[in-house]
Amino acid sequence: MYSSNNQMPKNKLYYQQNLPNQMVTAVIVLNSELTVQYANPAAEALLIKSINKLKGSTLNTIFFNNPISDKRLKQLLTSGQEFSDSDVILEFFDRRKITVEITASSVVFDKNPHILLEFKQIDQQKQISAEAFQQQQWESARDLIRGLAHEIKNPLGGLRGAAQLLNRELNEEQQEYTQMIIEQADRLTNLVDRLLGPNQVPKMATQNIHIVLEKVAQLVSFNNPQQSEIIKDYDPSLPDICFDEDKIHQAILNIINNAIQVIGSDGQIILKTRAASNKTINGKKIKLAAQISIIDNGPGIPEKLQDTLFYPMVSGRANGTGLGLSISQTLVNQHQGKLSCVSQPGHTEFIILLPITQEAAS
Ligand SMILES: Nc1ncnc2c1ncn2[C@@H]1O[C@H](COP(=O)(O)OP(=O)(O)O)[C@@H](O)[C@H]1O
Ligand SMILES: [Mg+2]
């Protein structure tokens, strides 16, 4: 019960509420012999060991490379010198590695000094800020190219118009030259339009993603009859999602076309769908998303392209424009989704995440 001046009478209340059990920070308590006496559920999850297994063990038997020396812990017990280390890599005996921030402080339980160790996992935060950085870089590269494309487009229109006027004044032989100007101006306009990227507002409708995948697969097989096998690994229970069919069709087609270009005649493409929970898209937590993977068993993304893969005009092919993936990225972003890629020789996977909204799912 609260006292009249609104102060907690005893910390017991917090304890009774099982506060340590609710915490997301992993907490373990060591006694003066430096053996584990207590671990909260977050610590059990982080260390993948139950409290029964942990109890009585030392840090040296938990971590493959124990980064917290006994000497420092003893010092903490004797002098109360608390410490906090960030960016510590913990390695376990199964070679699993995590990056954490560790805080060690002293506490007294039952009149005996103990050590309270808190572990905060920071790999996920790091990954999110790396993603945000990539996204920013991609956006500034795209804006630069768009700005440039705009600047080229206007004089190009004037150039073409003038060539058309001139064309009327010339004899047939001379018109060859003006025709050439017009044709080349048209080619450039076409390129510039693609550099400007998709600019129509999406026409969103709630629908089944598999219908689009089927259409793309059919088109690809039709265009490449003698080549490649497309394997479908769909999750039929995936709820409908809200998207613009043409745009998502284009985004997926660009990715598959790249795969077709690199896999041999015995190559394989897998179209896979799954529901994915608790994903982060552009720094926002998304409860439920549709995950569409386009996987090929080709040679993998060339190493030198990996960091700038989605930038416009980045291509590994002599006759490539480097616009396909940049356009796919823009189209997926227009749906508040995320396009990413993991690649190694024999397995390249492009992953599209599209948020599933409550209304669409019901
Ligand atoms: N599935 C893949 N496997 C290997 N490399 C790929 C794959 N997809 C894309 N790439 C590489 O990424 C580059 C950029 O692709 P893209 O943006 O579509 O432009 P383009 O196809 O015009 O080169 C390609 O040239 C290729 O080198
Ligand atoms: Mg391409």
# chains A, B, ... in the order shown; residues from 1 in each chain; ligands from 1
>>> select_by_dssp(residues="region 180-344 of chain A", states="alpha helix (DSSP H)", output="PyMOL selection string")
chain A and resi 180-196+209-223+245-262+324-333
>>> residues_around(residues="region 30-38 of chain A", least_positions_apart="3", cutoff="7 Å", atoms="only C-alpha atoms", output="PyMOL selection string")
chain A and resi 51+54-58+113-116
>>> write_last_selection(atoms="N, CA and C atoms", output="mmCIF file, in the first residue's frame")
data_model
loop_
_atom_site.group_PDB
_atom_site.id
_atom_site.type_symbol
_atom_site.label_atom_id
_atom_site.label_comp_id
_atom_site.auth_asym_id
_atom_site.auth_seq_id
_atom_site.Cartn_x
_atom_site.Cartn_y
_atom_site.Cartn_z
ATOM 1 N N ILE A 51 18.143 -20.888 -16.190
ATOM 2 C CA ILE A 51 18.721 -20.451 -14.919
ATOM 3 C C ILE A 51 19.348 -21.643 -14.180
ATOM 4 N N LEU A 54 22.656 -22.125 -15.591
ATOM 5 C CA LEU A 54 23.554 -20.995 -15.344
ATOM 6 C C LEU A 54 24.004 -20.937 -13.898
ATOM 7 N N LYS A 55 23.101 -21.325 -13.007
ATOM 8 C CA LYS A 55 23.365 -21.179 -11.572
ATOM 9 C C LYS A 55 24.629 -21.941 -11.157
ATOM 10 N N GLY A 56 25.513 -21.241 -10.524
ATOM 11 C CA GLY A 56 26.744 -21.882 -10.047
ATOM 12 C C GLY A 56 27.880 -21.836 -11.063
ATOM 13 N N SER A 57 27.572 -21.473 -12.326
ATOM 14 C CA SER A 57 28.662 -21.463 -13.315
ATOM 15 C C SER A 57 29.402 -20.122 -13.289
ATOM 16 N N THR A 58 30.605 -20.125 -13.855
ATOM 17 C CA THR A 58 31.387 -18.884 -13.910
ATOM 18 C C THR A 58 31.318 -18.334 -15.336
ATOM 19 N N PRO A 113 28.191 -8.903 -0.418
ATOM 20 C CA PRO A 113 28.376 -8.158 -1.660
ATOM 21 C C PRO A 113 28.186 -9.067 -2.880
ATOM 22 N N HIS A 114 27.529 -8.544 -3.867
ATOM 23 C CA HIS A 114 27.293 -9.267 -5.123
ATOM 24 C C HIS A 114 27.601 -8.335 -6.289
ATOM 25 N N ILE A 115 27.659 -8.926 -7.465
ATOM 26 C CA ILE A 115 27.882 -8.115 -8.671
ATOM 27 C C ILE A 115 26.668 -8.230 -9.581
ATOM 28 N N LEU A 116 26.223 -7.090 -10.022
ATOM 29 C CA LEU A 116 25.096 -7.051 -10.953
ATOM 30 C C LEU A 116 25.658 -6.762 -12.339
#
>>> closest_residue(among="A:Ala217, A:Leu191, A:Ile286, A:Ala205", to="ligand 1", atoms="only C-alpha atoms and all ligand atoms")
A:Leu191
>>> residues_near_ligand(ligand="ligand 2", cutoff="10 Å", atoms="only C-alpha atoms and all ligand atoms", output="PDB file with C-alpha atoms, in the first residue's frame")
ATOM      1  CA  LEU A 253      10.409  -8.356 -62.989  1.00  0.00           C
ATOM      2  CA  ASN A 254      13.557  -6.185 -62.851  1.00  0.00           C
ATOM      3  CA  ILE A 255      14.995  -8.487 -60.181  1.00  0.00           C
ATOM      4  CA  ILE A 256      14.139 -11.699 -62.032  1.00  0.00           C
ATOM      5  CA  ASN A 257      15.518 -10.334 -65.312  1.00  0.00           C
ATOM      6  CA  ASN A 258      18.869  -9.735 -63.632  1.00  0.00           C
ATOM      7  CA  ALA A 259      18.851 -13.283 -62.284  1.00  0.00           C
ATOM      8  CA  ILE A 260      18.021 -14.680 -65.748  1.00  0.00           C
ATOM      9  CA  GLN A 261      21.007 -12.816 -67.149  1.00  0.00           C
ATOM     10  CA  VAL A 314      25.551   1.061 -61.088  1.00  0.00           C
ATOM     11  CA  SER A 315      25.931  -1.904 -63.396  1.00  0.00           C
ATOM     12  CA  GLY A 316      28.181  -4.921 -63.664  1.00  0.00           C
ATOM     13  CA  ARG A 317      27.263  -5.512 -67.303  1.00  0.00           C
ATOM     14  CA  GLY A 320      23.648  -2.444 -68.575  1.00  0.00           C
ATOM     15  CA  THR A 321      22.071   0.876 -67.600  1.00  0.00           C
ATOM     16  CA  GLY A 322      22.195   0.158 -63.868  1.00  0.00           C
ATOM     17  CA  LEU A 323      18.616   1.377 -63.498  1.00  0.00           C
ATOM     18  CA  GLY A 324      16.732  -1.877 -62.866  1.00  0.00           C
ATOM     19  CA  LEU A 325      17.411  -2.264 -59.162  1.00  0.00           C
ATOM     20  CA  SER A 326      17.237   1.461 -58.481  1.00  0.00           C
ATOM     21  CA  ILE A 327      13.748   1.505 -60.004  1.00  0.00           C
ATOM     22  CA  SER A 328      12.720  -1.610 -58.038  1.00  0.00           C
TER      23      SER A 328
END
>>> residues_around(residues="Ser340 (chain A)", least_positions_apart="3", cutoff="10 Å", atoms="only C-alpha atoms", output="list of chain:residue names")
A:Glu131, A:Ser293, A:Leu309, A:Phe310, A:Gln329, A:Glu349, A:Phe350, A:Ile351, A:Ile352, A:Leu353
>>> write_last_selection(atoms="N, CA and C atoms", output="PDB file, in the first residue's frame")
ATOM      1  N   GLU A 131      21.481   0.510 -41.867  1.00  0.00           N
ATOM      2  CA  GLU A 131      20.441   0.536 -42.902  1.00  0.00           C
ATOM      3  C   GLU A 131      19.996   1.959 -43.180  1.00  0.00           C
ATOM      4  N   SER A 293      10.732 -13.384 -51.563  1.00  0.00           N
ATOM      5  CA  SER A 293      12.153 -13.589 -51.894  1.00  0.00           C
ATOM      6  C   SER A 293      12.286 -14.082 -53.315  1.00  0.00           C
ATOM      7  N   LEU A 309      24.767  -1.398 -54.798  1.00  0.00           N
ATOM      8  CA  LEU A 309      23.936  -2.179 -55.718  1.00  0.00           C
ATOM      9  C   LEU A 309      22.660  -1.462 -56.164  1.00  0.00           C
ATOM     10  N   PHE A 310      22.021  -0.754 -55.224  1.00  0.00           N
ATOM     11  CA  PHE A 310      20.720  -0.158 -55.547  1.00  0.00           C
ATOM     12  C   PHE A 310      20.839   1.272 -56.083  1.00  0.00           C
ATOM     13  N   GLN A 329      13.826  -0.487 -56.213  1.00  0.00           N
ATOM     14  CA  GLN A 329      13.920   0.090 -54.863  1.00  0.00           C
ATOM     15  C   GLN A 329      12.913   1.231 -54.691  1.00  0.00           C
ATOM     16  N   GLU A 349      19.781 -13.653 -52.921  1.00  0.00           N
ATOM     17  CA  GLU A 349      18.382 -13.534 -52.506  1.00  0.00           C
ATOM     18  C   GLU A 349      18.005 -12.063 -52.391  1.00  0.00           C
ATOM     19  N   PHE A 350      17.057 -11.649 -53.205  1.00  0.00           N
ATOM     20  CA  PHE A 350      16.491 -10.300 -53.078  1.00  0.00           C
ATOM     21  C   PHE A 350      15.217 -10.436 -52.254  1.00  0.00           C
ATOM     22  N   ILE A 351      15.115  -9.621 -51.221  1.00  0.00           N
ATOM     23  CA  ILE A 351      13.975  -9.746 -50.306  1.00  0.00           C
ATOM     24  C   ILE A 351      13.140  -8.470 -50.337  1.00  0.00           C
ATOM     25  N   ILE A 352      11.884  -8.623 -50.688  1.00  0.00           N
ATOM     26  CA  ILE A 352      10.960  -7.480 -50.654  1.00  0.00           C
ATOM     27  C   ILE A 352      10.078  -7.658 -49.422  1.00  0.00           C
ATOM     28  N   LEU A 353      10.040  -6.641 -48.595  1.00  0.00           N
ATOM     29  CA  LEU A 353       9.124  -6.675 -47.445  1.00  0.00           C
ATOM     30  C   LEU A 353       8.034  -5.651 -47.686  1.00  0.00           C
TER      31      LEU A 353
END
>>> residues_around(residues="region 263-272 of chain A", least_positions_apart="2", cutoff="9 Å", atoms="only C-alpha atoms", output="list in words")
Leu213, Ala217, Gln226, Gln227, Ser228, Glu229, Ile230, Ile231, Lys232, Asp233, Tyr234, Asp235, Ile256, Asn258, Ala259, Ile260, Gln261, Arg274, Gln291, Ile292, Ser293, Ile294, Ile295, Asp296, Asn297, Gly298 and Pro299 of chain A
>>> residues_around(residues="region 67-71 of chain A", least_positions_apart="5", cutoff="8 Å", atoms="only C-alpha atoms", output="number ranges by chain")
A: 34, 59, 88-90
>>> atom_distance(atom1="CA of Phe83 (chain A)", atom2="CA of Ala104 (chain A)")
5.4 Å
>>> residues_around(residues="Ala162 (chain A)", least_positions_apart="3", cutoff="12 Å", atoms="only C-alpha atoms", output="list in words")
Pro155, Leu156, Gly157, Gly158, Leu159, Leu165, Leu166, Asn167, Arg168, Glu169, Thr178, Gln179, Ile181, Ile182 and Ala185 of chain A
>>> atom_distance(atom1="CA of Thr99 (chain A)", atom2="CA of Ala43 (chain A)")
14.1 Å
>>> atom_distance(atom1="CA of Leu354 (chain A)", atom2="CA of His335 (chain A)")
6.9 Å
>>> residues_around(residues="Glu303 (chain A)", least_positions_apart="4", cutoff="10 Å", atoms="only C-alpha atoms", output="list in words")
Asp307, Leu309, Ser343 and Gln344 of chain A
>>> select_by_dssp(residues="region 59-156 of chain A", states="strand (DSSP E)", output="ChimeraX atom specification")
/A:83-91,97-109,112-121
